[in-house]
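Coordinates as given in query_38.txt (compact mmCIF, C-alpha atoms and all ligand atoms):
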```txt
# COMPACT_ATOMS: atom_id res chain seq x y z
CA MET A 18 -13.93 -26.89 -17.32
CA ILE A 19 -13.43 -23.39 -15.91
CA LYS A 20 -9.87 -22.09 -16.30
CA LEU A 21 -8.58 -19.24 -14.17
CA CYS A 22 -5.94 -16.65 -15.07
CA HIS A 23 -2.68 -17.40 -13.18
CA GLY A 24 -1.97 -13.67 -12.94
CA CYS A 25 -5.17 -12.12 -11.56
CA GLY A 26 -7.49 -15.04 -10.73
CA VAL A 27 -10.42 -14.25 -13.07
CA GLU A 28 -12.17 -16.85 -15.21
CA LEU A 29 -10.59 -17.03 -18.67
CA GLN A 30 -12.86 -16.54 -21.70
CA SER A 31 -12.36 -16.10 -25.44
CA ASP A 32 -15.73 -14.56 -26.35
CA ASN A 33 -15.38 -10.88 -25.50
CA GLU A 34 -12.05 -9.11 -26.04
CA ALA A 35 -13.18 -6.03 -24.11
CA ALA A 36 -14.15 -7.98 -20.98
CA ILE A 37 -11.83 -9.19 -18.21
CA GLY A 38 -10.27 -12.65 -18.52
CA TYR A 39 -9.97 -12.51 -22.33
CA VAL A 40 -7.56 -14.90 -24.06
CA LYS A 41 -7.33 -15.56 -27.79
CA ASN A 42 -6.74 -19.22 -27.18
CA ILE A 43 -8.34 -20.82 -24.15
CA GLN A 44 -5.20 -22.97 -23.63
CA GLN A 45 -3.28 -19.83 -22.51
CA SER A 46 -2.91 -19.30 -18.78
CA LEU A 47 -2.56 -15.51 -18.64
CA CYS A 48 -5.38 -13.11 -19.61
CA LYS A 49 -4.78 -10.25 -22.05
CA ARG A 50 -4.72 -7.65 -19.26
CA CYS A 51 -2.10 -9.54 -17.18
CA PHE A 52 -0.02 -10.14 -20.32
CA GLY A 53 -0.06 -6.38 -20.99
CA ILE A 54 0.91 -5.47 -17.40
CA LYS A 55 3.70 -8.06 -17.24
CA ASN A 56 5.26 -7.49 -20.65
CA TYR A 57 4.48 -3.89 -21.62
CA ASN A 58 3.66 -2.17 -18.32
CA GLU A 59 0.27 -1.56 -19.89
CA TYR A 60 -2.41 -1.24 -17.27
CA LYS A 61 -6.13 -1.40 -17.89
CA THR A 62 -8.24 -0.06 -15.04
CA VAL A 63 -10.87 -2.42 -13.75
CA LEU A 64 -13.58 -0.85 -11.66
CA LYS A 65 -14.10 -2.85 -8.53
CA ASN A 66 -16.41 -2.25 -5.65
CA ASN A 67 -15.86 -3.05 -2.03
CA GLU A 68 -18.93 -5.30 -1.85
CA GLU A 69 -16.90 -8.01 -3.59
CA PHE A 70 -14.17 -7.56 -1.00
CA ILE A 71 -16.70 -7.84 1.84
CA ASN A 72 -18.13 -11.05 0.32
CA ILE A 73 -14.63 -12.53 0.24
CA LEU A 74 -14.14 -11.57 3.92
CA LYS A 75 -17.48 -13.17 4.81
CA ALA A 76 -16.43 -16.40 3.10
CA ILE A 77 -13.07 -16.41 4.95
CA ASN A 78 -14.92 -15.73 8.20
CA LYS A 79 -16.83 -19.01 7.78
CA THR A 80 -13.55 -20.93 7.95
CA ASN A 81 -11.06 -21.26 10.80
CA ASP A 82 -8.20 -20.47 8.42
CA LEU A 83 -5.36 -18.18 9.45
CA VAL A 84 -5.32 -14.70 7.88
CA LEU A 85 -2.26 -12.61 7.08
CA LEU A 86 -3.45 -9.00 7.28
CA LEU A 87 -1.08 -6.68 5.43
CA ILE A 88 -0.76 -2.94 6.04
CA ASP A 89 1.51 -0.56 4.13
CA ILE A 90 4.22 1.29 6.09
CA PHE A 91 3.55 4.32 3.91
CA ASN A 92 -0.11 4.38 4.84
CA LEU A 93 -0.29 4.34 8.63
CA PRO A 94 -2.57 4.25 10.51
CA THR A 95 -4.71 2.27 8.08
CA ASN A 96 -8.46 2.25 8.58
CA LEU A 97 -9.29 -1.40 9.28
CA ASP A 98 -12.97 -0.96 10.21
CA ILE A 99 -14.36 -3.12 7.39
CA ILE A 100 -11.90 -5.93 8.07
CA LYS A 101 -12.50 -5.79 11.84
CA HIS A 102 -16.24 -5.84 11.28
CA HIS A 103 -16.34 -8.87 9.00
CA LEU A 104 -13.42 -11.04 10.08
CA SER A 105 -13.01 -12.96 13.33
CA ASN A 106 -10.29 -15.38 12.18
CA ASP A 107 -6.85 -15.64 13.78
CA ILE A 108 -4.68 -12.88 12.35
CA ILE A 109 -0.99 -12.27 11.82
CA LEU A 110 -0.51 -8.53 11.30
CA ILE A 111 2.17 -7.66 8.76
CA VAL A 112 3.62 -4.22 7.99
CA THR A 113 4.95 -4.27 4.41
CA LYS A 114 7.60 -2.24 2.50
CA TYR A 115 9.88 -1.75 5.52
CA ASP A 116 12.74 -1.15 3.04
CA LEU A 117 11.31 2.36 2.43
CA LEU A 118 11.95 3.62 5.98
CA LYS A 119 14.27 1.02 7.56
CA PRO A 120 17.27 3.33 8.17
CA TYR A 121 15.16 5.75 10.22
CA LEU A 122 12.71 3.54 12.07
CA LYS A 123 13.46 0.65 14.43
CA GLU A 124 11.24 -2.41 14.14
CA GLN A 125 10.27 -2.30 17.81
CA LYS A 126 9.28 1.37 17.59
CA LEU A 127 7.08 0.59 14.61
CA LYS A 128 5.48 -2.34 16.46
CA ASN A 129 4.70 -0.07 19.42
CA TYR A 130 3.30 2.56 17.09
CA ILE A 131 0.71 0.17 15.64
CA LYS A 132 -0.20 -1.46 18.97
CA ASN A 133 -3.38 0.58 19.30
CA ILE A 134 -4.72 -0.37 15.90
CA GLY A 135 -7.64 -2.17 17.59
CA LEU A 136 -6.75 -5.74 16.61
CA LYS A 137 -5.48 -8.60 18.69
CA PRO A 138 -3.12 -10.30 16.25
CA LEU A 139 -1.40 -13.55 17.28
CA SER A 140 1.81 -11.99 16.08
CA THR A 141 3.03 -8.77 14.40
CA LEU A 142 5.79 -8.80 11.78
CA ILE A 143 7.60 -6.06 9.91
CA ILE A 144 8.67 -7.24 6.46
CA SER A 145 10.09 -6.21 3.10
CA SER A 146 9.34 -8.50 0.19
CA TYR A 147 11.80 -6.54 -1.97
CA LYS A 148 14.64 -7.17 0.49
CA ASN A 149 13.49 -10.61 1.64
CA TYR A 150 13.41 -9.14 5.12
CA ASN A 151 11.79 -11.34 7.81
CA LEU A 152 10.26 -13.72 5.25
CA ASP A 153 11.80 -16.81 6.90
CA LEU A 154 10.37 -15.60 10.20
CA LEU A 155 7.00 -15.12 8.52
CA LEU A 156 7.00 -18.72 7.26
CA GLU A 157 7.90 -19.97 10.75
CA THR A 158 5.11 -17.87 12.23
CA ILE A 159 2.57 -19.16 9.69
CA ASN A 160 3.54 -22.76 10.46
CA LYS A 161 3.29 -22.08 14.18
CA TYR A 162 -0.23 -20.63 14.10
CA LYS A 163 -2.06 -22.18 11.13
CA LYS A 164 -4.96 -24.44 12.07
CA SER A 165 -5.59 -25.75 8.56
CA ASP A 166 -3.69 -25.94 5.27
CA ASN A 167 -5.20 -22.71 3.93
CA VAL A 168 -3.82 -19.28 4.78
CA TYR A 169 -5.43 -16.12 3.34
CA VAL A 170 -3.60 -12.90 2.49
CA VAL A 171 -5.85 -9.88 2.96
CA GLY A 172 -5.44 -6.09 2.92
CA ASN A 173 -6.02 -2.86 1.05
CA THR A 174 -5.18 -2.69 -2.62
CA ASN A 175 -1.46 -2.08 -3.33
CA VAL A 176 -0.15 -3.08 0.10
CA GLY A 177 1.98 -5.76 -1.60
CA LYS A 178 -0.04 -8.97 -1.11
CA SER A 179 0.79 -10.51 -4.49
CA THR A 180 4.43 -9.40 -4.35
CA LEU A 181 4.79 -11.17 -1.00
CA ILE A 182 3.22 -14.38 -2.32
CA ASN A 183 5.52 -14.26 -5.38
CA LYS A 184 8.53 -14.03 -3.05
CA ILE A 185 7.22 -17.00 -1.04
CA ILE A 186 6.77 -19.01 -4.27
CA TYR A 187 10.28 -18.05 -5.39
CA ASN A 188 11.95 -18.75 -2.03
CA TYR A 189 10.16 -21.89 -0.92
CA THR A 190 8.98 -23.76 -4.04
CA ASN A 191 10.40 -24.87 -7.38
CA SER A 192 7.56 -23.22 -9.28
CA LYS A 193 8.27 -20.43 -11.78
CA SER A 194 4.69 -19.21 -11.56
CA GLN A 195 4.20 -15.55 -10.57
CA ILE A 196 1.05 -13.58 -9.83
CA THR A 197 0.62 -10.25 -11.63
CA THR A 198 1.63 -7.18 -9.58
CA SER A 199 1.52 -3.49 -10.43
CA GLN A 200 1.71 0.02 -9.00
CA LEU A 201 -1.96 0.58 -9.71
CA PRO A 202 -4.96 -0.47 -7.65
CA SER A 203 -7.06 -3.60 -8.25
CA THR A 204 -4.41 -5.71 -9.95
CA THR A 205 -5.59 -8.99 -8.41
CA LEU A 206 -9.24 -9.52 -9.41
CA ALA A 207 -10.23 -12.79 -7.69
CA ASN A 208 -8.83 -15.24 -5.15
CA ILE A 209 -5.71 -17.09 -6.34
CA LYS A 210 -4.73 -20.36 -4.64
CA VAL A 211 -1.02 -21.08 -4.50
CA ALA A 212 0.20 -24.45 -3.21
CA ILE A 213 3.48 -23.90 -1.34
CA ASN A 214 3.81 -27.48 -0.09
CA GLU A 215 1.59 -30.43 0.86
CA ASN A 216 0.45 -28.70 4.02
CA LEU A 217 0.30 -25.08 3.02
CA THR A 218 -1.82 -23.30 0.42
CA ILE A 219 -1.62 -19.50 0.40
CA ILE A 220 -4.61 -17.67 -1.05
CA ASP A 221 -4.18 -14.20 -2.56
CA THR A 222 -7.25 -11.95 -2.52
CA PRO A 223 -8.23 -8.71 -4.32
CA GLY A 224 -7.52 -5.63 -2.19
CA LEU A 225 -9.95 -3.26 -0.55
CA LEU A 226 -10.13 0.01 -2.49
CA GLU A 227 -9.23 3.12 -0.58
CA GLU A 228 -10.96 6.41 -1.14
CA ASN A 229 -9.29 9.77 -1.72
CA ASN A 230 -5.81 8.46 -2.43
CA ILE A 231 -3.74 10.90 -4.52
CA ILE A 232 -3.34 8.24 -7.23
CA ASP A 233 -7.05 8.62 -8.03
CA TYR A 234 -6.41 12.15 -9.32
CA ILE A 235 -3.21 11.87 -11.38
CA ASP A 236 -2.02 10.11 -14.55
CA ILE A 237 -0.01 6.89 -14.81
CA GLU A 238 3.36 8.60 -15.38
CA LYS A 239 2.90 10.72 -12.26
CA ILE A 240 1.84 7.64 -10.28
CA SER A 241 5.11 5.93 -11.22
CA LYS A 242 6.99 8.97 -9.95
CA ILE A 243 5.22 9.30 -6.61
CA ILE A 244 5.51 5.64 -5.60
CA PRO A 245 8.91 5.26 -3.92
CA LYS A 246 10.89 2.23 -5.12
CA SER A 247 13.69 2.31 -2.59
CA VAL A 248 14.58 3.95 0.70
CA VAL A 249 12.92 7.34 1.07
CA LYS A 250 15.58 9.93 1.89
CA PRO A 251 14.25 12.61 4.24
CA LYS A 252 14.33 16.23 3.07
CA THR A 253 14.70 18.70 5.94
CA PHE A 254 13.79 22.38 5.77
CA GLN A 255 14.19 25.14 8.32
CA ILE A 256 11.31 27.50 7.86
CA LYS A 257 12.25 30.99 9.09
CA ILE A 258 9.68 33.31 7.55
CA PRO A 259 6.37 32.57 5.80
CA GLN A 260 7.14 30.12 3.01
CA THR A 261 5.42 27.71 0.66
CA ILE A 262 6.81 24.26 -0.14
CA ILE A 263 5.78 23.14 -3.62
CA ILE A 264 5.72 19.48 -4.70
CA GLU A 265 5.37 19.65 -8.49
CA ASP A 266 1.72 20.18 -9.49
CA LEU A 267 0.53 17.84 -6.74
CA ALA A 268 0.73 19.72 -3.47
CA LYS A 269 1.70 23.04 -1.86
CA VAL A 270 2.14 23.58 1.85
CA TYR A 271 2.09 27.11 3.29
CA PHE A 272 3.80 27.76 6.64
CA GLN A 273 3.02 31.08 8.26
CA ASP A 274 5.66 30.89 11.00
CA ALA A 275 9.10 29.47 11.77
CA ASN A 276 9.37 25.68 12.04
CA ASP A 277 11.55 22.65 11.39
CA ILE A 278 10.09 20.12 9.00
CA THR A 279 11.20 16.86 7.39
CA MET A 280 9.52 15.47 4.30
CA TYR A 281 9.33 11.77 3.44
CA ILE A 282 8.24 11.51 -0.20
CA SER A 283 9.55 9.80 -3.34
CA GLY A 284 13.00 11.08 -4.33
CA GLU A 285 11.83 11.35 -7.95
CA LEU A 286 9.60 14.31 -7.10
CA ASP A 287 10.84 17.90 -7.44
CA VAL A 288 10.42 19.96 -4.30
CA LYS A 289 11.04 23.70 -4.16
CA ARG A 290 10.24 26.48 -1.74
CA VAL A 291 9.11 30.01 -2.43
CA TYR A 292 9.19 32.92 -0.02
CA LYS A 293 5.61 33.99 -0.36
CA LYS A 294 2.11 32.83 0.27
CA ASP A 295 1.11 30.82 -2.72
CA GLU A 296 -2.62 30.81 -3.30
CA VAL A 297 -3.62 28.27 -5.90
CA SER A 298 -7.04 27.91 -7.38
CA GLU A 299 -6.77 24.52 -9.13
CA LEU A 300 -5.77 22.67 -5.95
CA THR A 301 -8.08 22.04 -3.00
CA LYS A 302 -7.29 23.98 0.17
CA HIS A 303 -7.18 22.33 3.62
CA VAL A 304 -6.43 24.25 6.80
CA ILE A 305 -4.67 21.88 9.22
CA LYS A 306 -3.94 22.49 12.89
CA VAL A 307 -0.81 20.51 13.75
CA PRO A 308 0.32 19.78 17.34
CA ALA A 309 4.07 19.61 18.08
CA TYR A 310 5.89 16.47 16.86
CA HIS A 311 3.17 15.33 14.49
CA ASP A 312 3.16 14.17 10.88
CA VAL A 313 0.93 15.62 8.21
CA VAL A 314 0.10 12.64 6.00
CA ILE A 315 -0.96 13.20 2.41
CA LYS A 316 -2.65 9.97 1.41
CA GLY A 317 -0.65 8.15 -1.26
CA LEU A 318 2.10 10.80 -1.44
CA GLY A 319 3.97 10.61 1.86
CA PHE A 320 4.28 12.63 5.06
CA ILE A 321 5.83 15.73 6.60
CA LYS A 322 7.13 15.64 10.15
CA ILE A 323 6.52 18.97 11.89
CA ILE A 324 8.36 19.91 15.09
CA LYS A 325 6.50 22.97 16.42
CA ALA A 326 2.76 23.30 16.86
CA THR A 327 1.31 25.40 14.04
CA THR A 328 -1.53 25.82 11.57
CA ILE A 329 -0.71 25.24 7.91
CA ASN A 330 -2.55 25.52 4.62
CA VAL A 331 -2.23 22.39 2.47
CA TYR A 332 -3.32 22.59 -1.17
CA LEU A 333 -3.85 19.23 -2.86
CA VAL A 334 -4.82 17.81 -6.22
CA GLY A 335 -8.45 16.52 -6.40
CA ASN A 336 -10.03 15.23 -3.21
CA THR A 337 -6.81 13.77 -1.80
CA ASP A 338 -7.11 13.15 1.95
CA VAL A 339 -4.76 14.83 4.41
CA TYR A 340 -4.61 13.99 8.11
CA ILE A 341 -2.33 14.26 11.14
CA ARG A 342 -0.82 11.56 13.34
CA LYS A 343 1.79 11.38 16.10
CA SER A 344 5.27 11.43 14.49
CA LEU A 345 6.20 8.00 13.19
CA ILE A 346 9.93 8.72 13.02
N1 LIG B 401 9.25 -0.69 -1.67
C1 LIG B 401 8.52 -1.81 -1.73
N2 LIG B 401 7.49 -1.88 -2.60
C2 LIG B 401 6.77 -3.02 -2.64
C3 LIG B 401 7.06 -4.14 -1.79
N3 LIG B 401 6.14 -5.11 -2.03
C4 LIG B 401 5.33 -4.63 -3.01
N4 LIG B 401 5.71 -3.37 -3.40
C5 LIG B 401 5.11 -2.55 -4.46
O1 LIG B 401 3.76 -2.25 -4.12
C6 LIG B 401 2.95 -2.17 -5.30
C7 LIG B 401 1.74 -3.06 -5.16
O2 LIG B 401 2.13 -4.42 -5.11
P1 LIG B 401 1.12 -5.64 -5.34
O3 LIG B 401 1.82 -6.86 -4.88
O4 LIG B 401 0.57 -5.62 -6.73
O5 LIG B 401 -0.03 -5.23 -4.30
P2 LIG B 401 -1.39 -6.00 -3.97
O6 LIG B 401 -1.62 -5.83 -2.51
O7 LIG B 401 -1.35 -7.39 -4.48
O8 LIG B 401 -2.46 -5.12 -4.79
P3 LIG B 401 -3.92 -5.55 -5.37
O9 LIG B 401 -3.77 -6.81 -6.14
O10 LIG B 401 -4.29 -4.39 -6.24
O11 LIG B 401 -4.83 -5.67 -4.18
C8 LIG B 401 3.87 -2.58 -6.46
O12 LIG B 401 4.34 -1.38 -7.08
C9 LIG B 401 5.00 -3.33 -5.77
O13 LIG B 401 6.21 -3.28 -6.49
C10 LIG B 401 8.19 -4.03 -0.90
O14 LIG B 401 8.55 -4.95 -0.14
N5 LIG B 401 8.86 -2.85 -0.92
MG MG B 402 -2.52 -8.34 -5.85
```
Could you quickly redo this structure as structure tokens?
Amino acid sequence: MIKLCHGCGVELQSDNEAAIGYVKNIQQSLCKRCFGIKNYNEYKTVLKNNEEFINILKAINKTNDLVLLLIDIFNLPTNLDIIKHHLSNDIILIVTKYDLLKPYLKEQKLKNYIKNIGLKPLSTLIISSYKNYNLDLLLETINKYKKSDNVYVVGNTNVGKSTLINKIIYNYTNSKSQITTSQLPSTTLANIKVAINENLTIIDTPGLLEENNIIDYIDIEKISKIIPKSVVKPKTFQIKIPQTIIIEDLAKVYFQDANDITMYISGELDVKRVYKKDEVSELTKHVIKVPAYHDVVIKGLGFIKIIKATTINVYLVGNTDVYIRKSLI
């Protein structure tokens, strides 16, 4: 009989220690990789490709099951083209990790902000799994709209799908079982079915990999530092003369004229400013034209709200993406 890892969903095997799903003893329920992540914070990268993700979407699309589509508050607006293309199921849209920006951003404002995302969800919810925020409402909403016993949880890697399901298991069942979660991409490797009650089975899925996220270009210790764990305190700067803002060895932003800016990045990162133009060869230069009241988003790192229209030079590690959007806050 095939046994699946309770942590990441892959088939367990005891033949090849270097391959995924390895267990010494086939009676164990957690593979070696999940055991390492859970007990020692040891993460082993597994290369995934998005074809697998698309095949999972196609399989979900053949059912009439409800889908919870999760997007990360720190990564708005998320590109949902692949999901929109392959999925026609009923959707509840869920913005995760609200705890990070809750003091500065009203729920209704956030809902309005994501209205034009190009989906017609049955309902939109803003949640925090860490703070148990709106999880009762989520369960009510699932029960209201589900057409069958199965409900899928879908979204990009790292949006917090498994963390949410763990909270649902903890809050609404007697089970002690927990899915493996981590700060790194591709933690969940295959679908994981979790029975919540007789009429509800929630199915976790592996996340869609995102390209050009800053975490692709930095080491594990740095990743731990850049991922905010609690509310992100804004850092405001008045720029009076040409200045460069430096975020460790990850990013530099050069302003050539006066402006007011507010940065929303992890509080564990050192930020300093220097009163000169700082040309850097090892980082990649981007020249960004910013309209008034827009955010400059550095994918995976955070965002900078800029008040006055300007053109800035942004220098970033690797091929990290940078883009502008209307101010979120
Ligand atoms: N601040 C905050 N962080 C969260 C929350 N939920 C999840 N996270 C963090 O987000 C990261 C990713 O969480 P996972 O649950 O593993 O994400 P996932 O969507 O299952 O990722 P994959 O399995 O790789 O697709 C972890 O570092 C979590 O601790 C939340 O409510 N608030
Ligand atoms: Mg997961």
TODO: Provide the atom CA of Lys316 of chain A to atom CA of Ile220 of chain A distance in Å, to one decimal place.
DONE: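 That distance, rounded to one decimal, is 27.8 Å.
Nearest residue to Ile329 of chain A among A:Leu155, A:Ile264, A:Leu87, A:Ala275 is A:Ala275, counting all atoms listed in the file.
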TODO: Residues up to 6 Å from ligand MG 402 (chain B), counting all atoms listed in the file: could you list those as number ranges by chain?
DONE: A: 178-179, 198, 204-205, 223
- [ ] Find the residues around Ile88 of chain A up to 7 Å (all atoms listed in the file counted), leave out those fewer than 3 positions away in its own chain, and share them as a PyMOL selection string.
- [x] chain A and resi 95+111-113+172+176
Dump of C-alpha atoms for the selected residues, as a CSV table (one decimal), in the frame of the given file:
```csv
chain,number,residue,atom,x,y,z
A,95,THR,CA,-4.7,2.3,8.1
A,111,ILE,CA,2.2,-7.7,8.8
A,112,VAL,CA,3.6,-4.2,8.0
A,113,THR,CA,5.0,-4.3,4.4
A,172,GLY,CA,-5.4,-6.1,2.9
A,176,VAL,CA,-0.2,-3.1,0.1
```
TODO: Name the residues in contact with segment 304-313 of chain A at a cut-off of 6 Å, using all atoms listed in the file, excluding same-chain residues fewer than 6 positions from it; report them as a PyMOL selection string.
DONE: chain A and resi 320-330+340-344
Task: Close residues, Asp274 of chain A itself excluded, 8 Å, all atoms listed in the file, min 6 positions apart in chain, as a ChimeraX atom specification - done: /A:256-259,327
Please produce an output containing C-alpha atoms for each residue in the selection, written as a PDB file, in the frame of the given file.
```pdb
ATOM      1  CA  ILE A 256      11.310  27.500   7.860  1.00  0.00           C
ATOM      2  CA  LYS A 257      12.250  30.990   9.090  1.00  0.00           C
ATOM      3  CA  ILE A 258       9.680  33.310   7.550  1.00  0.00           C
ATOM      4  CA  PRO A 259       6.370  32.570   5.800  1.00  0.00           C
ATOM      5  CA  THR A 327       1.310  25.400  14.040  1.00  0.00           C
TER       6      THR A 327
END
```
Hey, which bits of segment 211-235 of chain A sit within 12 Å of segment 90-93 of chain A, and for each residue what's the closest pair of atoms and how far apart in Å (one decimal), counting all atoms listed in the file, rows by chain and increasing number, as a tab-separated table?
```
residue	atom	partner	partner_atom	distance
A:Glu227	CA	A:Asn92	CA	10.7
A:Asn230	CA	A:Asn92	CA	10.1
A:Ile231	CA	A:Asn92	CA	12.0
```
Task: Protein and nucleic acid residues within 9 Å of ligand LIG 401 (chain B) (all atoms listed in the file) as a count of residues only - done: 53
- [ ] Just the residues within 10 Å of Ile237 of chain A, please, counting all atoms listed in the file, with nothing from its chain fewer than 2 positions along; format it as a list in words.
- [x]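 Neighbouring residues, sequence-local ones excluded: Glu59, Tyr60, Gln200, Leu201, Ile232, Asp233, Tyr234, Ile235, Lys239, Ile240, Ser241 and Lys242 of chain A.
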Task: From A:Lys20, A:Lys294, A:Lys128, A:Lys250, residue lying nearest Val40 of chain A [only C-alpha atoms] - done: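 Using only C-alpha atoms, Val40 of chain A sits closest to A:Lys20.
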With a distance cut-off of 12 Å and only C-alpha atoms, select the neighbouring residues of Lys126 of chain A, excluding the residue or stretch itself and same-chain residues fewer than 3 positions from it, and output the selection as a compact mmCIF listing (two decimals) with C-alpha atoms, in the frame of the given file.
```
# COMPACT_ATOMS: atom_id res chain seq x y z
CA LYS A 119 14.27 1.02 7.56
CA TYR A 121 15.16 5.75 10.22
CA LEU A 122 12.71 3.54 12.07
CA LYS A 123 13.46 0.65 14.43
CA ASN A 129 4.70 -0.07 19.42
CA TYR A 130 3.30 2.56 17.09
CA ILE A 131 0.71 0.17 15.64
CA LYS A 132 -0.20 -1.46 18.97
CA ILE A 143 7.60 -6.06 9.91
CA SER A 344 5.27 11.43 14.49
CA LEU A 345 6.20 8.00 13.19
CA ILE A 346 9.93 8.72 13.02
```
